[in-house]
file work.csv (CSV, C-alpha atoms)
chain,number,residue,atom,x,y,z
A,866,MET,CA,2.0,3.4,26.9
A,867,GLY,CA,1.8,1.8,30.4
A,868,VAL,CA,2.2,-2.0,31.0
A,869,ALA,CA,1.3,-2.9,27.4
A,870,GLY,CA,4.1,-0.7,26.1
A,871,GLU,CA,6.6,-2.1,28.5
A,872,LYS,CA,5.6,-5.7,27.5
A,873,PHE,CA,6.1,-4.8,23.8
A,874,GLN,CA,9.5,-3.3,24.5
A,875,LEU,CA,10.6,-6.4,26.5
A,876,GLY,CA,9.2,-8.7,23.8
A,877,THR,CA,11.0,-6.8,21.0
A,878,VAL,CA,14.3,-6.8,22.9
A,879,GLY,CA,14.0,-10.5,23.6
A,880,ALA,CA,13.2,-11.3,19.9
A,881,LEU,CA,16.2,-9.1,18.7
A,882,SER,CA,18.6,-10.8,21.2
A,883,LEU,CA,17.4,-14.3,20.3
A,884,SER,CA,17.8,-13.5,16.6
A,885,VAL,CA,21.4,-12.2,17.0
A,886,VAL,CA,22.6,-15.0,19.3
A,887,SER,CA,21.0,-17.8,17.2
A,888,SER,CA,22.1,-16.4,13.8
A,889,VAL,CA,25.7,-15.8,14.9
A,890,SER,CA,25.8,-19.3,16.4
A,891,ILE,CA,24.5,-21.0,13.2
A,892,VAL,CA,26.9,-19.1,11.0
A,893,ILE,CA,29.9,-20.3,13.1
A,894,CYS,CA,28.5,-23.8,13.1
A,895,ASN,CA,27.9,-23.8,9.3
A,896,LYS,CA,31.3,-22.3,8.7
A,897,ALA,CA,32.9,-25.3,10.5
A,898,LEU,CA,30.6,-27.7,8.6
A,899,MET,CA,31.4,-26.2,5.1
A,900,SER,CA,34.9,-24.8,5.4
A,901,SER,CA,36.5,-27.5,7.6
A,902,LEU,CA,34.4,-30.6,6.7
A,903,GLY,CA,33.7,-29.8,3.1
A,904,PHE,CA,29.9,-30.0,3.3
A,905,ASN,CA,28.9,-27.3,0.8
A,906,PHE,CA,25.3,-28.2,0.1
A,907,ALA,CA,23.7,-25.0,1.5
A,908,THR,CA,20.3,-25.2,-0.1
A,909,THR,CA,19.7,-28.8,0.8
A,910,LEU,CA,20.9,-28.1,4.4
A,911,THR,CA,18.4,-25.2,4.6
A,912,SER,CA,15.5,-27.6,3.6
A,913,TRP,CA,16.6,-29.9,6.5
A,914,HIS,CA,16.6,-26.8,8.8
A,915,LEU,CA,13.0,-26.0,7.8
A,916,LEU,CA,11.9,-29.7,8.2
A,917,VAL,CA,13.3,-29.9,11.7
A,918,THR,CA,11.7,-26.5,12.5
A,919,PHE,CA,8.3,-27.8,11.4
A,920,CYS,CA,8.7,-31.1,13.4
A,921,SER,CA,9.7,-29.1,16.5
A,922,LEU,CA,6.7,-26.8,16.1
A,923,HIS,CA,4.4,-29.8,15.6
A,924,VAL,CA,5.7,-31.2,18.9
A,925,ALA,CA,5.1,-27.8,20.6
A,926,LEU,CA,1.5,-27.8,19.1
A,927,CYS,CA,0.8,-31.3,20.5
A,928,MET,CA,2.0,-30.0,23.9
A,929,LYS,CA,-0.4,-27.1,23.5
A,930,LEU,CA,2.3,-24.5,23.7
A,931,PHE,CA,0.6,-22.5,21.0
A,932,GLU,CA,-2.7,-22.6,19.2
A,933,HIS,CA,-3.1,-23.7,15.6
A,934,LYS,CA,-5.0,-21.0,13.6
A,935,PRO,CA,-5.6,-22.0,9.9
A,936,PHE,CA,-6.2,-19.2,7.4
A,937,ASP,CA,-6.1,-18.6,3.6
A,938,ALA,CA,-4.3,-21.7,2.3
A,939,ARG,CA,-3.4,-20.1,-1.0
A,940,THR,CA,-1.7,-17.2,0.8
A,941,VAL,CA,0.3,-19.6,3.0
A,942,MET,CA,1.3,-21.7,0.0
A,943,GLY,CA,2.4,-18.7,-2.1
A,944,PHE,CA,4.3,-17.2,0.8
A,945,GLY,CA,6.1,-20.5,1.6
A,946,VAL,CA,7.1,-21.1,-2.0
A,947,LEU,CA,8.2,-17.5,-2.4
A,948,ASN,CA,10.4,-17.8,0.6
A,949,GLY,CA,12.0,-21.0,-0.7
A,950,ILE,CA,12.6,-19.5,-4.1
A,951,SER,CA,14.2,-16.4,-2.5
A,952,ILE,CA,16.7,-18.6,-0.6
A,953,GLY,CA,17.6,-20.5,-3.7
A,954,LEU,CA,18.1,-17.3,-5.7
A,955,LEU,CA,20.4,-15.9,-3.0
A,956,ASN,CA,22.5,-19.1,-3.1
A,957,LEU,CA,22.6,-18.9,-7.0
A,958,SER,CA,23.6,-15.3,-6.8
A,959,LEU,CA,26.6,-16.2,-4.6
A,960,GLY,CA,27.5,-19.0,-7.0
A,961,PHE,CA,27.5,-16.8,-10.1
A,962,ASN,CA,29.0,-13.6,-8.6
A,963,SER,CA,32.1,-12.6,-6.6
A,964,VAL,CA,31.8,-12.4,-2.9
A,965,GLY,CA,32.0,-8.6,-3.1
A,966,PHE,CA,29.0,-8.4,-5.5
A,967,TYR,CA,27.0,-10.8,-3.4
A,968,GLN,CA,27.6,-8.5,-0.4
A,969,MET,CA,26.3,-5.6,-2.5
A,970,THR,CA,23.2,-7.7,-3.3
A,971,LYS,CA,22.5,-8.1,0.4
A,972,LEU,CA,23.1,-4.4,1.0
A,973,ALA,CA,20.6,-3.5,-1.7
A,974,ILE,CA,17.8,-5.3,0.2
A,975,ILE,CA,17.3,-2.4,2.6
A,976,PRO,CA,16.8,0.4,0.0
A,977,CYS,CA,14.6,-1.9,-2.1
A,978,THR,CA,12.4,-2.7,1.0
A,979,VAL,CA,12.1,1.0,1.7
A,980,ILE,CA,11.1,1.7,-1.9
A,981,LEU,CA,8.5,-1.1,-2.0
A,982,GLU,CA,6.9,-0.2,1.4
A,983,THR,CA,6.8,3.5,0.2
A,984,LEU,CA,5.1,2.6,-3.1
A,985,PHE,CA,2.7,-0.1,-2.1
A,986,PHE,CA,2.0,0.8,1.6
A,987,ARG,CA,2.5,4.5,1.5
A,988,LYS,CA,4.8,4.1,4.5
A,989,LYS,CA,6.8,7.2,5.3
A,990,PHE,CA,10.5,7.1,6.4
A,991,SER,CA,11.8,10.3,8.0
A,992,ARG,CA,15.0,12.0,6.8
A,993,ASN,CA,16.8,10.9,10.0
A,994,ILE,CA,15.9,7.2,9.4
A,995,LYS,CA,17.1,7.4,5.8
A,996,LEU,CA,20.3,9.1,7.0
A,997,SER,CA,21.0,6.4,9.6
A,998,LEU,CA,20.4,3.6,7.1
A,999,SER,CA,22.8,5.3,4.6
A,1000,VAL,CA,25.5,5.4,7.3
A,1001,LEU,CA,24.9,1.8,8.1
A,1002,LEU,CA,25.1,0.7,4.5
A,1003,VAL,CA,28.3,2.6,3.9
A,1004,GLY,CA,29.8,1.0,7.0
A,1005,VAL,CA,28.9,-2.6,6.1
A,1006,GLY,CA,30.0,-1.9,2.5
A,1007,VAL,CA,33.4,-0.7,3.6
A,1008,ALA,CA,33.8,-3.7,5.9
A,1009,THR,CA,32.6,-6.5,3.6
A,1010,VAL,CA,32.7,-5.4,-0.1
A,1011,THR,CA,36.1,-6.1,-1.7
A,1012,ASP,CA,35.8,-6.8,-5.4
A,1013,LEU,CA,32.9,-6.1,-7.8
A,1014,GLN,CA,33.1,-8.4,-10.8
A,1015,LEU,CA,30.0,-8.0,-12.9
A,1016,ASN,CA,28.4,-10.5,-15.3
A,1017,THR,CA,25.0,-10.6,-16.9
A,1018,VAL,CA,23.6,-13.8,-15.5
A,1019,GLY,CA,24.9,-13.0,-12.0
A,1020,SER,CA,23.4,-9.5,-12.1
A,1021,VAL,CA,19.9,-10.8,-13.2
A,1022,LEU,CA,20.0,-13.5,-10.4
A,1023,SER,CA,21.0,-10.9,-7.8
A,1024,LEU,CA,18.1,-8.6,-8.9
A,1025,LEU,CA,15.6,-11.4,-8.7
A,1026,ALA,CA,17.0,-12.4,-5.3
A,1027,ILE,CA,16.7,-8.9,-4.0
A,1028,ILE,CA,13.1,-8.5,-5.2
A,1029,THR,CA,11.9,-11.9,-3.9
A,1030,THR,CA,13.6,-11.5,-0.5
A,1031,CYS,CA,12.1,-8.0,0.0
A,1032,ILE,CA,8.6,-9.2,-1.0
A,1033,ALA,CA,8.8,-12.3,1.2
A,1034,GLN,CA,9.9,-10.2,4.3
A,1035,ILE,CA,7.3,-7.6,3.7
A,1036,MET,CA,4.6,-10.4,3.4
A,1037,THR,CA,5.9,-11.9,6.7
A,1038,ASN,CA,4.9,-8.6,8.4
A,1039,THR,CA,1.8,-8.0,6.4
A,1040,ILE,CA,0.3,-11.5,6.8
A,1041,GLN,CA,0.7,-11.5,10.6
A,1042,LYS,CA,-1.2,-8.2,10.8
A,1043,LYS,CA,-3.8,-8.9,8.2
A,1044,PHE,CA,-4.8,-12.4,9.4
A,1045,LYS,CA,-4.0,-11.7,13.1
A,1046,VAL,CA,-1.7,-14.7,13.4
A,1047,SER,CA,1.4,-15.0,15.6
A,1048,SER,CA,4.9,-15.5,14.2
A,1049,THR,CA,4.7,-19.1,15.5
A,1050,GLN,CA,1.4,-19.8,13.7
A,1051,LEU,CA,2.6,-18.4,10.4
A,1052,LEU,CA,6.0,-20.3,10.6
A,1053,TYR,CA,4.2,-23.6,11.4
A,1054,GLN,CA,1.9,-23.3,8.4
A,1055,SER,CA,4.4,-22.1,5.9
A,1056,CYS,CA,7.4,-24.3,6.9
A,1057,PRO,CA,6.2,-27.4,4.9
A,1058,TYR,CA,6.0,-25.4,1.7
A,1059,GLN,CA,9.4,-23.8,2.2
A,1060,ALA,CA,11.0,-27.1,3.1
A,1061,LEU,CA,9.4,-28.9,0.1
A,1062,THR,CA,10.4,-26.2,-2.3
A,1063,LEU,CA,14.1,-26.3,-1.2
A,1064,PHE,CA,14.2,-30.1,-0.9
A,1065,LEU,CA,13.1,-30.4,-4.5
A,1066,ILE,CA,15.5,-27.8,-5.9
A,1067,GLY,CA,18.3,-28.2,-3.4
A,1068,PRO,CA,20.1,-31.3,-4.6
A,1069,PHE,CA,20.1,-30.0,-8.2
A,1070,LEU,CA,21.1,-26.5,-7.2
A,1071,ASP,CA,23.9,-27.7,-4.9
A,1072,GLY,CA,25.1,-30.2,-7.5
A,1073,PHE,CA,25.2,-27.4,-10.2
A,1074,LEU,CA,27.2,-25.1,-7.9
A,1075,THR,CA,29.6,-27.6,-6.3
A,1076,ASN,CA,29.8,-30.4,-8.9
A,1077,GLN,CA,29.1,-32.9,-6.1
A,1078,ASN,CA,26.2,-35.1,-5.1
A,1079,VAL,CA,24.7,-34.5,-1.7
A,1080,PHE,CA,23.5,-38.1,-1.4
A,1081,ALA,CA,27.0,-39.5,-2.3
A,1082,PHE,CA,28.8,-37.4,0.3
A,1083,ASP,CA,30.8,-39.2,3.0
A,1084,TYR,CA,28.7,-38.6,6.2
A,1085,THR,CA,31.2,-39.1,9.0
A,1086,THR,CA,30.2,-38.9,12.7
A,1087,GLN,CA,31.7,-35.4,12.9
A,1088,VAL,CA,29.7,-34.2,9.8
A,1089,LEU,CA,26.5,-35.7,11.2
A,1090,PHE,CA,27.1,-34.0,14.5
A,1091,PHE,CA,27.4,-30.6,13.0
A,1092,ILE,CA,24.4,-31.1,10.7
A,1093,VAL,CA,22.2,-32.0,13.7
A,1094,LEU,CA,23.6,-29.1,15.7
A,1095,SER,CA,23.0,-26.7,12.7
A,1096,CYS,CA,19.4,-28.0,12.4
A,1097,LEU,CA,18.7,-27.6,16.1
A,1098,ILE,CA,20.0,-24.0,16.1
A,1099,SER,CA,18.0,-23.3,12.9
A,1100,VAL,CA,14.7,-23.8,14.9
A,1101,SER,CA,15.7,-20.7,17.0
A,1102,VAL,CA,16.8,-18.8,13.9
A,1103,ASN,CA,13.6,-19.4,11.9
A,1104,PHE,CA,11.4,-18.6,14.9
A,1105,SER,CA,13.2,-15.4,15.8
A,1106,THR,CA,13.2,-14.2,12.2
A,1107,PHE,CA,9.4,-14.3,12.0
A,1108,LEU,CA,9.2,-12.9,15.5
A,1109,VAL,CA,11.4,-9.9,14.8
A,1110,ILE,CA,9.7,-9.0,11.5
A,1111,GLY,CA,6.3,-9.4,13.1
A,1112,LYS,CA,7.2,-7.2,16.1
A,1113,THR,CA,9.2,-4.6,14.2
A,1114,SER,CA,9.5,-4.3,10.4
A,1115,PRO,CA,11.4,-5.8,7.5
A,1116,VAL,CA,13.8,-2.8,7.4
A,1117,THR,CA,14.6,-3.3,11.1
A,1118,TYR,CA,15.2,-7.0,10.5
A,1119,GLN,CA,17.7,-6.1,7.7
A,1120,VAL,CA,19.5,-3.7,10.0
A,1121,LEU,CA,19.7,-6.5,12.5
A,1122,GLY,CA,21.1,-8.7,9.8
A,1123,HIS,CA,24.0,-6.3,9.2
A,1124,LEU,CA,24.7,-6.2,13.0
A,1125,LYS,CA,25.1,-10.0,12.7
A,1126,THR,CA,27.5,-9.6,9.8
A,1127,CYS,CA,29.7,-7.3,12.0
A,1128,LEU,CA,29.6,-9.7,14.9
A,1129,VAL,CA,30.5,-12.7,12.7
A,1130,LEU,CA,33.5,-10.7,11.3
A,1131,THR,CA,34.5,-9.9,14.9
A,1132,PHE,CA,34.1,-13.5,16.2
A,1133,GLY,CA,35.8,-14.8,13.1
A,1134,TYR,CA,38.9,-12.7,14.0
A,1135,VAL,CA,38.8,-13.4,17.7
A,1136,LEU,CA,37.9,-17.2,17.7
A,1137,LEU,CA,39.0,-18.4,14.3
A,1138,HIS,CA,41.8,-16.0,13.6
A,1139,ASP,CA,40.4,-14.9,10.3
A,1140,PRO,CA,42.3,-12.1,8.5
A,1141,PHE,CA,41.3,-8.6,9.7
A,1142,SER,CA,42.3,-5.3,8.3
A,1143,TRP,CA,41.9,-1.6,9.2
A,1144,ARG,CA,39.2,-1.5,6.5
A,1145,ASN,CA,37.2,-4.1,8.4
A,1146,ILE,CA,37.6,-2.2,11.7
A,1147,LEU,CA,36.6,1.2,10.1
A,1148,GLY,CA,33.6,-0.3,8.3
A,1149,ILE,CA,32.3,-2.0,11.5
A,1150,LEU,CA,32.7,1.2,13.5
A,1151,ILE,CA,30.8,3.2,10.8
A,1152,ALA,CA,28.1,0.5,10.7
A,1153,VAL,CA,27.7,0.5,14.5
A,1154,ILE,CA,27.2,4.3,14.4
A,1155,GLY,CA,24.5,3.8,11.8
A,1156,MET,CA,22.8,1.2,13.9
A,1157,VAL,CA,22.9,3.4,17.0
A,1158,LEU,CA,21.5,6.3,15.0
A,1159,TYR,CA,18.7,4.1,13.5
A,1160,SER,CA,17.8,2.7,17.0
A,1161,TYR,CA,17.8,6.2,18.5
A,1162,PHE,CA,15.6,7.8,15.8
A,1163,CYS,CA,13.2,4.8,15.7
A,1164,THR,CA,12.8,5.0,19.5
A,1165,ARG,CA,12.3,8.8,19.4
A,1166,GLU,CA,9.7,8.6,16.6
A,1167,THR,CA,7.8,5.8,18.4
A,1168,GLN,CA,7.7,7.9,21.6
A,1169,GLN,CA,6.3,10.9,19.7
A,1170,LYS,CA,3.3,8.9,18.3
A,1171,PRO,CA,1.3,8.9,21.6
A,1172,ALA,CA,1.9,12.6,21.9
A,1173,GLU,CA,0.5,13.1,18.5
A,1174,VAL,CA,-2.6,11.0,19.3
A,1175,SER,CA,-3.6,13.0,22.4
A,1176,PRO,CA,-4.7,16.3,20.6
A,1177,GLN,CA,-6.8,14.2,18.2
A,1178,VAL,CA,-8.6,12.5,21.2
A,1179,ILE,CA,-9.5,15.9,22.5
A,1180,GLN,CA,-10.7,17.1,19.1
A,1181,ALA,CA,-12.7,13.9,18.6
A,1182,LYS,CA,-14.6,14.5,21.9
A,1183,GLU,CA,-15.3,18.1,21.0
A,1184,GLY,CA,-16.6,17.2,17.5
A,1185,GLU,CA,-17.4,13.6,17.0
A,1186,SER,CA,-19.5,14.3,14.0
A,1187,ASN,CA,-16.4,15.1,11.9
A,1188,PRO,CA,-15.5,11.9,10.0
A,1189,LEU,CA,-12.0,13.1,9.2
A,1190,ILE,CA,-11.1,13.3,12.9
A,1191,SER,CA,-12.5,9.9,13.7
A,1192,ASP,CA,-10.8,8.3,10.7
A,1193,SER,CA,-7.4,9.7,11.7
A,1194,LEU,CA,-7.9,8.7,15.3
A,1195,SER,CA,-8.8,5.2,14.2
A,1196,ALA,CA,-5.6,5.0,12.1
A,1197,ALA,CA,-3.6,6.2,15.1
A,1198,GLU,CA,-5.1,3.6,17.4
A,1199,ASN,CA,-4.3,0.8,14.9
A,1200,GLY,CA,-0.7,1.7,15.0
A,1201,GLY,CA,-0.6,4.2,12.1
A,1202,SER,CA,0.9,7.7,12.3
A,1203,ALA,CA,-1.2,10.7,12.8
A,1204,THR,CA,-0.7,11.9,9.3
A,1205,ASP,CA,-1.4,8.5,7.7
A,1206,ASP,CA,-5.1,8.2,7.0
A,1207,GLU,CA,-4.8,5.2,4.8
A,1208,PRO,CA,-5.6,1.7,6.3
A,1209,LEU,CA,-3.1,-1.1,5.8
A,1210,LYS,CA,-3.2,-2.2,2.2
A,1211,VAL,CA,-2.4,-5.6,0.7
A,1212,PRO,CA,0.4,-5.2,-1.9
A,1213,MET,CA,-0.3,-6.0,-5.6
A,1214,TRP,CA,1.7,-9.2,-5.5
A,1215,SER,CA,-0.5,-10.8,-2.9
A,1216,SER,CA,-3.9,-9.8,-4.2
A,1217,LYS,CA,-4.4,-13.1,-6.0
A,1218,TYR,CA,-4.0,-14.9,-2.6
A,1219,SER,CA,-6.3,-12.6,-0.7
A,1220,LYS,CA,-9.5,-14.3,-1.8
A,1221,ALA,CA,-11.0,-16.7,0.6
call {"tool": "encode", "arguments": {"input": "work.csv", "output": "structure tokens"}}
result
Amino acid sequence: MGVAGEKFQLGTVGALSLSVVSSVSIVICNKALMSSLGFNFATTLTSWHLLVTFCSLHVALCMKLFEHKPFDARTVMGFGVLNGISIGLLNLSLGFNSVGFYQMTKLAIIPCTVILETLFFRKKFSRNIKLSLSVLLVGVGVATVTDLQLNTVGSVLSLLAIITTCIAQIMTNTIQKKFKVSSTQLLYQSCPYQALTLFLIGPFLDGFLTNQNVFAFDYTTQVLFFIVLSCLISVSVNFSTFLVIGKTSPVTYQVLGHLKTCLVLTFGYVLLHDPFSWRNILGILIAVIGMVLYSYFCTRETQQKPAEVSPQVIQAKEGESNPLISDSLSAAENGGSATDDEPLKVPMWSSKYSKA
């Protein structure tokens, strides 16, 4: 591994830490904005977040803090619009379902992501990884899921929200690898499409869910302060989201999301004196055990990969004429496992965007 491995480890830890801190901060800020000040226009607020993120990245580009790297415009547009739609569907799901069923919707994203990556990318998840994810999901479910009131419209919206969210997050990882772009470059190019999608549907969606007009709201100084603060924090949230998914995987990002949920529950109890029961405590403890197990097994499997590559290097030198050996070595060098001879494949849903 050497210096490159250490840099990757530090970069990953930094991305995870930034994601946790910024996400918990924006949840607390938005909770004050919506619960205390009555600004309940979540979708429109998200479009403002993305607009501010794009402007911030444009300033960073002018300062030459990163390099602009254009690539397939149709892929970027499709990806940006899909991200915007997934956010809108999640907000609609919360509006049509109980809070408990909405939490179940969020929990279902991890197994759905595992299924999609297994089917379309032939990615293999070990039994230990599946076990740790199961423990995590049980813990978060115990801590957050209270009531489960089902209705047809809400169930359909939840299913669509799960599918679009999983595909968008898998594409975030796939696009960065396929087109060799950084998380910053991808975020900069997709932000306008995400912001425009949410800005167009946001006022109608928020009006439908709240029976209020976002443009007729009384914008006091306090409301404006929290909106600006929320938008500034969102720059870090959006950047760290793309960074984490690019450096790790969509499943790891979802695991991190449930860690944030546990932290928000804890901070809500400590700082805001929200109600807290033995069920919340038990669920958080189980979830933390699941996260620790997931981190341990991921680290152990990552460390085992270099050991699996070494025998193949020796065999390749002894018999370079064997194409099977050279193919498997090539896969291992590109980040694949020793048993995975398949190159990275583009999923079926993005094939129409892959043409130049």
call {"tool": "atom_distance", "arguments": {"input": "work.csv", "atom1": "atom CA of Lys934 of chain A", "atom2": "atom CA of Tyr1053 of chain A"}}
result
9.8 Å
call {"tool": "atom_distance", "arguments": {"input": "work.csv", "atom1": "atom CA of Cys1163 of chain A", "atom2": "atom CA of Gly1111 of chain A"}}
result
16.0 Å
call {"tool": "closest_residue", "arguments": {"input": "work.csv", "among": "A:Phe1082, A:Phe1044, A:Phe906, A:Trp913", "to": "Leu1094 of chain A", "atoms": "only C-alpha atoms"}}
result
A:Trp913
call {"tool": "closest_residue", "arguments": {"input": "work.csv", "among": "A:Leu1070, A:Ala1081, A:Val1116, A:Val1000", "to": "Val979 of chain A", "atoms": "only C-alpha atoms"}}
result
A:Val1116
call {"tool": "atom_distance", "arguments": {"input": "work.csv", "atom1": "atom CA of Arg992 of chain A", "atom2": "atom CA of Tyr1118 of chain A"}}
result
19.4 Å
call {"tool": "residues_around", "arguments": {"input": "work.csv", "residues": "Thr918 of chain A", "least_positions_apart": "3", "cutoff": "10 Å", "atoms": "only C-alpha atoms", "output": "list in words"}}
result
Ser912, Trp913, His914, Leu915, Ser921, Leu922, His923, Val924, Leu1052, Tyr1053, Cys1056, Pro1057, Ala1060, Cys1096, Leu1097, Ile1098, Ser1099, Val1100, Ser1101, Val1102, Asn1103 and Phe1104 of chain A
call {"tool": "closest_residue", "arguments": {"input": "work.csv", "among": "A:Leu930, A:Cys1031, A:Leu1065, A:Ala925", "to": "Leu972 of chain A", "atoms": "all atoms listed in the file"}}
result
A:Cys1031
call {"tool": "residues_around", "arguments": {"input": "work.csv", "residues": "Asn962 of chain A", "least_positions_apart": "5", "cutoff": "7 Å", "atoms": "only C-alpha atoms", "output": "PyMOL selection string"}}
result
chain A and resi 967+1014+1019
call {"tool": "residues_around", "arguments": {"input": "work.csv", "residues": "Lys896 of chain A", "least_positions_apart": "3", "cutoff": "12 Å", "atoms": "all atoms listed in the file", "output": "list in words"}}
result
Val889, Ser890, Ile891, Val892, Ile893, Met899, Ser900, Ser901, Leu902, Gly903, Phe904, Asn905, Ala907, Phe1091, Ile1092, Ser1095, Val1129, Phe1132, Gly1133, Leu1137 and Asp1139 of chain A
call {"tool": "closest_residue", "arguments": {"input": "work.csv", "among": "A:Leu1024, A:Ile1110, A:Leu947, A:Leu1130", "to": "Leu1063 of chain A", "atoms": "all atoms listed in the file"}}
result
A:Leu947
call {"tool": "closest_residue", "arguments": {"input": "work.csv", "among": "A:Val1021, A:Ile1027, A:Leu996, A:Leu926", "to": "Lys971 of chain A", "atoms": "all atoms listed in the file"}}
result
A:Ile1027
call {"tool": "closest_residue", "arguments": {"input": "work.csv", "among": "A:Leu910, A:Val917, A:Ile1149, A:Ile994", "to": "Arg1165 of chain A", "atoms": "all atoms listed in the file"}}
result
A:Ile994
call {"tool": "residues_near_point", "arguments": {"input": "work.csv", "point": "(-1.0, -20.5, 11.8)", "cutoff": "8 Å", "atoms": "all atoms listed in the file", "output": "list in words"}}
result
Glu932, His933, Lys934, Pro935, Phe936, Val1046, Ser1047, Thr1049, Gln1050, Leu1051, Leu1052, Tyr1053 and Gln1054 of chain A
call {"tool": "residues_near_point", "arguments": {"input": "work.csv", "point": "(31.1, -12.6, -8.9)", "cutoff": "9 Å", "atoms": "all atoms listed in the file", "output": "PDB file with C-alpha atoms, in the frame of the given file"}}
result
ATOM      1  CA  SER A 958      23.600 -15.300  -6.800  1.00  0.00           C
ATOM      2  CA  LEU A 959      26.600 -16.200  -4.600  1.00  0.00           C
ATOM      3  CA  GLY A 960      27.500 -19.000  -7.000  1.00  0.00           C
ATOM      4  CA  PHE A 961      27.500 -16.800 -10.100  1.00  0.00           C
ATOM      5  CA  ASN A 962      29.000 -13.600  -8.600  1.00  0.00           C
ATOM      6  CA  SER A 963      32.100 -12.600  -6.600  1.00  0.00           C
ATOM      7  CA  VAL A 964      31.800 -12.400  -2.900  1.00  0.00           C
ATOM      8  CA  GLY A 965      32.000  -8.600  -3.100  1.00  0.00           C
ATOM      9  CA  PHE A 966      29.000  -8.400  -5.500  1.00  0.00           C
ATOM     10  CA  TYR A 967      27.000 -10.800  -3.400  1.00  0.00           C
ATOM     11  CA  ASP A1012      35.800  -6.800  -5.400  1.00  0.00           C
ATOM     12  CA  LEU A1013      32.900  -6.100  -7.800  1.00  0.00           C
ATOM     13  CA  GLN A1014      33.100  -8.400 -10.800  1.00  0.00           C
ATOM     14  CA  LEU A1015      30.000  -8.000 -12.900  1.00  0.00           C
ATOM     15  CA  ASN A1016      28.400 -10.500 -15.300  1.00  0.00           C
ATOM     16  CA  GLY A1019      24.900 -13.000 -12.000  1.00  0.00           C
ATOM     17  CA  SER A1020      23.400  -9.500 -12.100  1.00  0.00           C
TER      18      SER A1020
END
call {"tool": "decode", "arguments": {"input": "work.csv", "residues": "segment 1000-1015 of chain A", "atoms": "N, CA and C atoms", "output": "tab-separated table (two decimals), in the first residue's frame"}}
result
chain	number	residue	atom	x	y	z
A	1000	VAL	N	-27.47	-5.93	11.21
A	1000	VAL	CA	-27.44	-5.45	12.60
A	1000	VAL	C	-27.69	-3.94	12.63
A	1001	LEU	N	-27.02	-3.22	11.72
A	1001	LEU	CA	-27.19	-1.77	11.63
A	1001	LEU	C	-28.64	-1.39	11.36
A	1002	LEU	N	-29.27	-2.04	10.38
A	1002	LEU	CA	-30.64	-1.71	10.00
A	1002	LEU	C	-31.62	-2.02	11.12
A	1003	VAL	N	-31.39	-3.12	11.83
A	1003	VAL	CA	-32.25	-3.46	12.98
A	1003	VAL	C	-32.14	-2.38	14.05
A	1004	GLY	N	-30.91	-1.94	14.33
A	1004	GLY	CA	-30.70	-0.91	15.34
A	1004	GLY	C	-31.37	0.41	15.00
A	1005	VAL	N	-31.16	0.87	13.77
A	1005	VAL	CA	-31.78	2.14	13.35
A	1005	VAL	C	-33.29	2.00	13.32
A	1006	GLY	N	-33.78	0.83	12.92
A	1006	GLY	CA	-35.22	0.59	12.90
A	1006	GLY	C	-35.82	0.67	14.29
A	1007	VAL	N	-35.16	0.05	15.26
A	1007	VAL	CA	-35.64	0.09	16.65
A	1007	VAL	C	-35.63	1.52	17.18
A	1008	ALA	N	-34.61	2.30	16.81
A	1008	ALA	CA	-34.45	3.66	17.34
A	1008	ALA	C	-35.41	4.66	16.71
A	1009	THR	N	-35.76	4.46	15.44
A	1009	THR	CA	-36.49	5.52	14.72
A	1009	THR	C	-37.90	5.15	14.27
A	1010	VAL	N	-38.15	3.87	13.99
A	1010	VAL	CA	-39.46	3.49	13.44
A	1010	VAL	C	-40.46	3.31	14.57
A	1011	THR	N	-41.53	4.08	14.52
A	1011	THR	CA	-42.56	3.99	15.56
A	1011	THR	C	-43.84	3.38	15.01
A	1012	ASP	N	-44.51	4.09	14.15
A	1012	ASP	CA	-45.76	3.60	13.58
A	1012	ASP	C	-45.56	3.26	12.11
A	1013	LEU	N	-46.36	2.33	11.60
A	1013	LEU	CA	-46.27	1.93	10.19
A	1013	LEU	C	-47.67	1.97	9.58
A	1014	GLN	N	-48.09	3.16	9.17
A	1014	GLN	CA	-49.39	3.32	8.55
A	1014	GLN	C	-49.22	3.27	7.03
A	1015	LEU	N	-49.85	2.28	6.40
A	1015	LEU	CA	-49.67	2.06	4.97
A	1015	LEU	C	-50.81	2.68	4.17
